[in-house]
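As structure tokens, the structure follows; a few thoughts come after it.
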Amino acid sequence: MSPESWGIRAGLAALGAALTFAAGACGEDEQPLRIGVVVDCVGINRSFQDAELSGAQLPLIERGARPAGREPRDGITGAEVAGRPVELVTGCTEVNEFSVLTRELRRLAEDEDVDAIVAAGNGPDGVIMRDVAREHPGVVFLPAVHGAREATVRRPARNVFRFAADYGQGMAGLATYAYRRLGWRRAAIVLGNWDSGWLSRDAFAAEFCSLGGTVSAEVALEVLEGPARVAEVPRDVDGVAVLVGQYFRPAEFINRLARRVGDPAREIVVGPGVVDEPALLRATAPALAGVAASSHVDPRRMREYLRAYERAYPGASPAIARHELVSGYRDAMEALLRAFENADGSSRRLPRELARLRIDLLGGPVLLDDRRQAVAETSIVRIEPGTNGSARPSLAPMDKVSDVDRSVGGLLPDALSPSHPPAECRRGGRPPPWAGQIGTR
């Protein structure tokens with residue numbers, strides 16, 4: 001997972017460091033827009049510090065700012081948005097250390113007097129942001145990555161705006177593809193035994209069962225669990241939905257499962273946790289050649305973004321830019337700056353403009369619902385492993401699911417709080433709006 005091309009240096013040198021962007025065109029008395037950006041700089045994700053910063057800086061570079069040095073932590077200069085200078089104030093956190101994140105969010109809001117905060121390197125972080133946001137109604141909070149539905153659906157804070165789909169929304173259309181195109185009627189689900197896996201499973205099962213299918217088995221993988229669990233996946237099913245991400249280190253499990261089934265392209269589908277994580281996709285693409293997946297990212301938009309990223313950071317690996325910890329910070333910052341432009345540089349009008357914003361991000365068109373959660377677009381893609389295993393794997397677009405709301409087409413009630421018990425399979429309910437479109441070509 002380490003983005004080696006940045007030559008990341010270990011340590012806490014960036015703790016609390018401010019990246020200040022000078023604005024030559026503004027007067028001395030012009031107040032800057034201050035944005036807190038909380039990134040990983042300790043713990044298992046510490047090597048992503050510069051990568052996450054690069055994603056947050058990219059929209060400013062595209063608006064005329066310039067890198068101040070070789071590393072993103074060196075800052076950028078000359079940034080101005082809507083006639084006002086911009087200052088980024090960095091915070092340091094550690095993934096899954098919620099007390100650390102809470103402390104940094106409060107420090108930025110209370111001591112650094114920021115107008116907005118972009119943070120949340122994993123799903124549960126978004127829930128922490130929601131709780132801290134209630135204490136600071138004058139600051140807007142933008143979770144950067146796809147996460148748990150509770151961050152916006154349950155006890156929502158009016159100053160939290162998430163332009164990233166939640167885990168369940170990312171599953172939209174995949175079960176319909178399996179049912180309509182692949183002919184599945186009985187499915188097994190493999191999931192990571194955590195919040196991302198639970199909500200992904202609930203969404204897939206609800207869609208599959210609404211069409212008339214049956215989920216006959218679930219296999220919940222624990223963190224770092226070995227491939228021996230493949231034996232627990234039943235053979236008397238039409239196919240297996242693998243809804244597990246890199247955090248669970250499932251590459252060998254997936255490769256062994258693919259070898260066991262007769263035709264992976266017809267008997268396996270995978271979720272965004274596999275195809276949207278570059279390292280896991282590289283490790284499994286040869287075994288999953290032709291397999292369908294749902295993805296938070298539109299392949300065409302990703303290519304355009306990668307070109308922009310290469311222009312801004314010529315020496316960086318494309319694998320860094322593809323990672324959600326980079327693209328997620330980019331999307332959140334792009335939405336924030338676009339809303340600020342629409343507000344004509346008014347911090348007071350910023351929350352209103354965020355709430356009404358309609359914007360094209362890496363996944364496609366996005367707007368926010370009444371709880372300030374993204375109504376987004378999901379792509380159905382096919383895994384292309386590359387020639388002779390030497391080329392980088394790619395994703396070929398097949399279908400799109402538009403206007404995916406927090407209920408995933410009416411399948412998931414707001415009261416649902418996903419947990420480890422198996423999903424309920426309700427057959428014969430109302431299928432989602434896209435049921436007659438996906439998998440018909």
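Letters A, B, ... mark the chains of the structure tokens in the order given; residue numbers begin at 1 per chain; ligand numbers begin at 1, in order shown.
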For A:Arg259, work out the shell of residues within 10 Å, counting only C-alpha atoms and skipping chain neighbours fewer than 4 positions away, then give it as an mmCIF file with C-alpha atoms, in the first residue's frame.
```
data_model
loop_
_atom_site.group_PDB
_atom_site.id
_atom_site.type_symbol
_atom_site.label_atom_id
_atom_site.label_comp_id
_atom_site.auth_asym_id
_atom_site.auth_seq_id
_atom_site.Cartn_x
_atom_site.Cartn_y
_atom_site.Cartn_z
ATOM 1 C CA ILE A 254 -9.889 -14.260 -4.035
ATOM 2 C CA ASN A 255 -7.272 -15.962 -6.212
ATOM 3 C CA ASP A 263 -15.717 -19.791 -14.886
ATOM 4 C CA PRO A 264 -14.930 -16.722 -12.720
ATOM 5 C CA ALA A 287 -7.575 -14.440 -11.768
ATOM 6 C CA LEU A 288 -10.617 -12.183 -12.193
#
```
Stretch 34-68 of chain A residues near stretch 121-130 of chain A within 10 Å, closest pair each, using only C-alpha atoms, as a Markdown table:
```
| residue | atom | partner | partner_atom | distance |
| --- | --- | --- | --- | --- |
| A:Val38 | CA | A:Gly121 | CA | 8.5 |
| A:Val39 | CA | A:Gly121 | CA | 7.3 |
| A:Asp40 | CA | A:Gly121 | CA | 7.5 |
| A:Asn45 | CA | A:Gly121 | CA | 9.2 |
| A:Phe48 | CA | A:Gly121 | CA | 9.9 |
| A:Glu52 | CA | A:Gly121 | CA | 8.8 |
```
query: With distances taken over only C-alpha atoms, which of A:Gly386, A:Gly168, A:Gly364, A:Gly239 is nearest to A:Asp405?
result: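 Comparing A:Gly386, A:Gly168, A:Gly364, A:Gly239 against A:Asp405, the winner is A:Gly168.
The two atoms in question, atom CA of A:Arg372 and atom CA of A:Asp298, are spaced 22.1 Å apart.
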- request: Could you tell me which of A:Pro393, A:Gly345, A:Val233, A:Glu267 comes closest to A:Leu280 if we count only C-alpha atoms?
  value: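 Checking each of A:Pro393, A:Gly345, A:Val233, A:Glu267 against A:Leu280, counting only C-alpha atoms, the winner is A:Pro393.
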- request: DSSP on the backbone, then: every residue of stretch 3-183 of chain A marked strand (DSSP E), written as a ChimeraX atom specification.
  value: /A:18-20,33-40,66-67,76-77,80-81,84-93,116-119,140-143
- request: For each of A:Gly245, A:Gly429, A:Gly192, A:Gly147, take the minimum atom-to-atom distance to A:Glu277, counting only C-alpha atoms, then give the residue where this is smallest.
  value: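 Among the listed residues, A:Gly245 lies closest to A:Glu277.
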message: Can you pull out the residues contacting A:Phe204? Cut-off 12 Å, using only C-alpha atoms, and skip same-chain residues under 2 positions away; I want them as a PyMOL selection string.
response: chain A and resi 167-179+187-191+197-202+206-211+213-215+218+240-243+269-271+293-294+408-409+411-412+423-426+431-432
query: Looking at A:Gly138, A:Pro314, A:Pro397, A:Pro421, which one is nearest to A:Pro351, with distances taken over only C-alpha atoms?
result: A:Gly138
message: Show me, as a PyMOL selection string, the residues that have an atom within 7 Å of stretch 160-166 of chain A when counting only C-alpha atoms, minus same-chain residues fewer than 3 positions from it.
response: chain A and resi 130+133+140-149+157+169-170+332+366+372-374+376
task: Kindly indicate which residue among A:Arg66, A:Arg46, A:Arg106, A:Arg158 lies nearest to A:Glu94, using only C-alpha atoms for the distances.
output: A:Arg46
Length of the atom CA of A:Glu222 to atom CA of A:Val326 vector [Å]: 25.8 Å
- request: Report the distance between atom CA of A:Asn159 and atom CA of A:His136 in Å, rounded to one decimal place.
  value: 8.5 Å
query: Which polymer residues have any atom within 10 Å of an atom of A:Leu221, counting only C-alpha atoms, with same-chain residues fewer than 3 positions away left out, as a list in words?
result: Val190, Leu191, Gly192, Asn193, Trp194, Gly197, Glu218, Leu224, Glu225, Gly226, Pro227, Arg229, Val244, Phe248, Arg249, Pro250 and Phe253 of chain A
- request: Would you mind telling me which residue in A:Asp370, A:Glu377, A:Glu80, A:Glu232 lies nearest to A:Asp399 when using only C-alpha atoms?
  value: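 Result for the nearest residue to A:Asp399: A:Glu377.
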task: Apply DSSP to the structure's backbone, then extract all residues of stretch 112-349 of chain A labelled alpha helix (DSSP H) and return them as number ranges by chain.
output: A: 123-135, 174-180, 195-210, 251-260, 264-267, 272-275, 278-284, 299-312, 318-322, 324-342
message: Set the distance at 10 Å and use only C-alpha atoms: which residues neighbour A:Asn342 once local chain neighbours fewer than 4 positions away are removed? I'd like the list as a ChimeraX atom specification.
response: /A:82,336-338,346,349-350,352-354,357
Restricting the output to N, CA and C atoms, write the selected residues as a short mmCIF file (atom, residue, chain, number, x, y, z; two decimals), in the first residue's frame.
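Okay, selection02.cif is ready:
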```cif
data_model
loop_
_atom_site.label_atom_id
_atom_site.label_comp_id
_atom_site.auth_asym_id
_atom_site.auth_seq_id
_atom_site.Cartn_x
_atom_site.Cartn_y
_atom_site.Cartn_z
N ALA A 82 -12.12 32.65 -5.64
CA ALA A 82 -13.17 33.67 -5.55
C ALA A 82 -12.64 34.97 -4.98
N LEU A 336 -15.84 21.61 -2.15
CA LEU A 336 -15.75 22.75 -1.24
C LEU A 336 -15.41 24.03 -2.00
N LEU A 337 -14.41 23.97 -2.88
CA LEU A 337 -13.98 25.16 -3.60
C LEU A 337 -15.04 25.62 -4.60
N ARG A 338 -15.71 24.67 -5.25
CA ARG A 338 -16.76 25.05 -6.19
C ARG A 338 -17.90 25.77 -5.47
N SER A 346 -17.91 34.18 -0.06
CA SER A 346 -18.52 34.46 1.24
C SER A 346 -18.52 33.20 2.10
N ARG A 349 -22.08 32.31 3.27
CA ARG A 349 -22.97 31.64 2.32
C ARG A 349 -22.50 30.24 1.94
N LEU A 350 -21.32 29.85 2.40
CA LEU A 350 -20.74 28.56 1.99
C LEU A 350 -21.64 27.37 2.32
N ARG A 352 -24.87 27.10 2.57
CA ARG A 352 -26.03 27.06 1.67
C ARG A 352 -25.62 26.59 0.27
N GLU A 353 -24.47 27.08 -0.20
CA GLU A 353 -24.02 26.70 -1.54
C GLU A 353 -23.58 25.24 -1.58
N LEU A 354 -23.02 24.73 -0.51
CA LEU A 354 -22.69 23.31 -0.47
C LEU A 354 -23.95 22.46 -0.56
N LEU A 357 -25.31 22.42 -4.14
CA LEU A 357 -24.34 22.20 -5.21
C LEU A 357 -24.67 20.95 -6.03
#
```
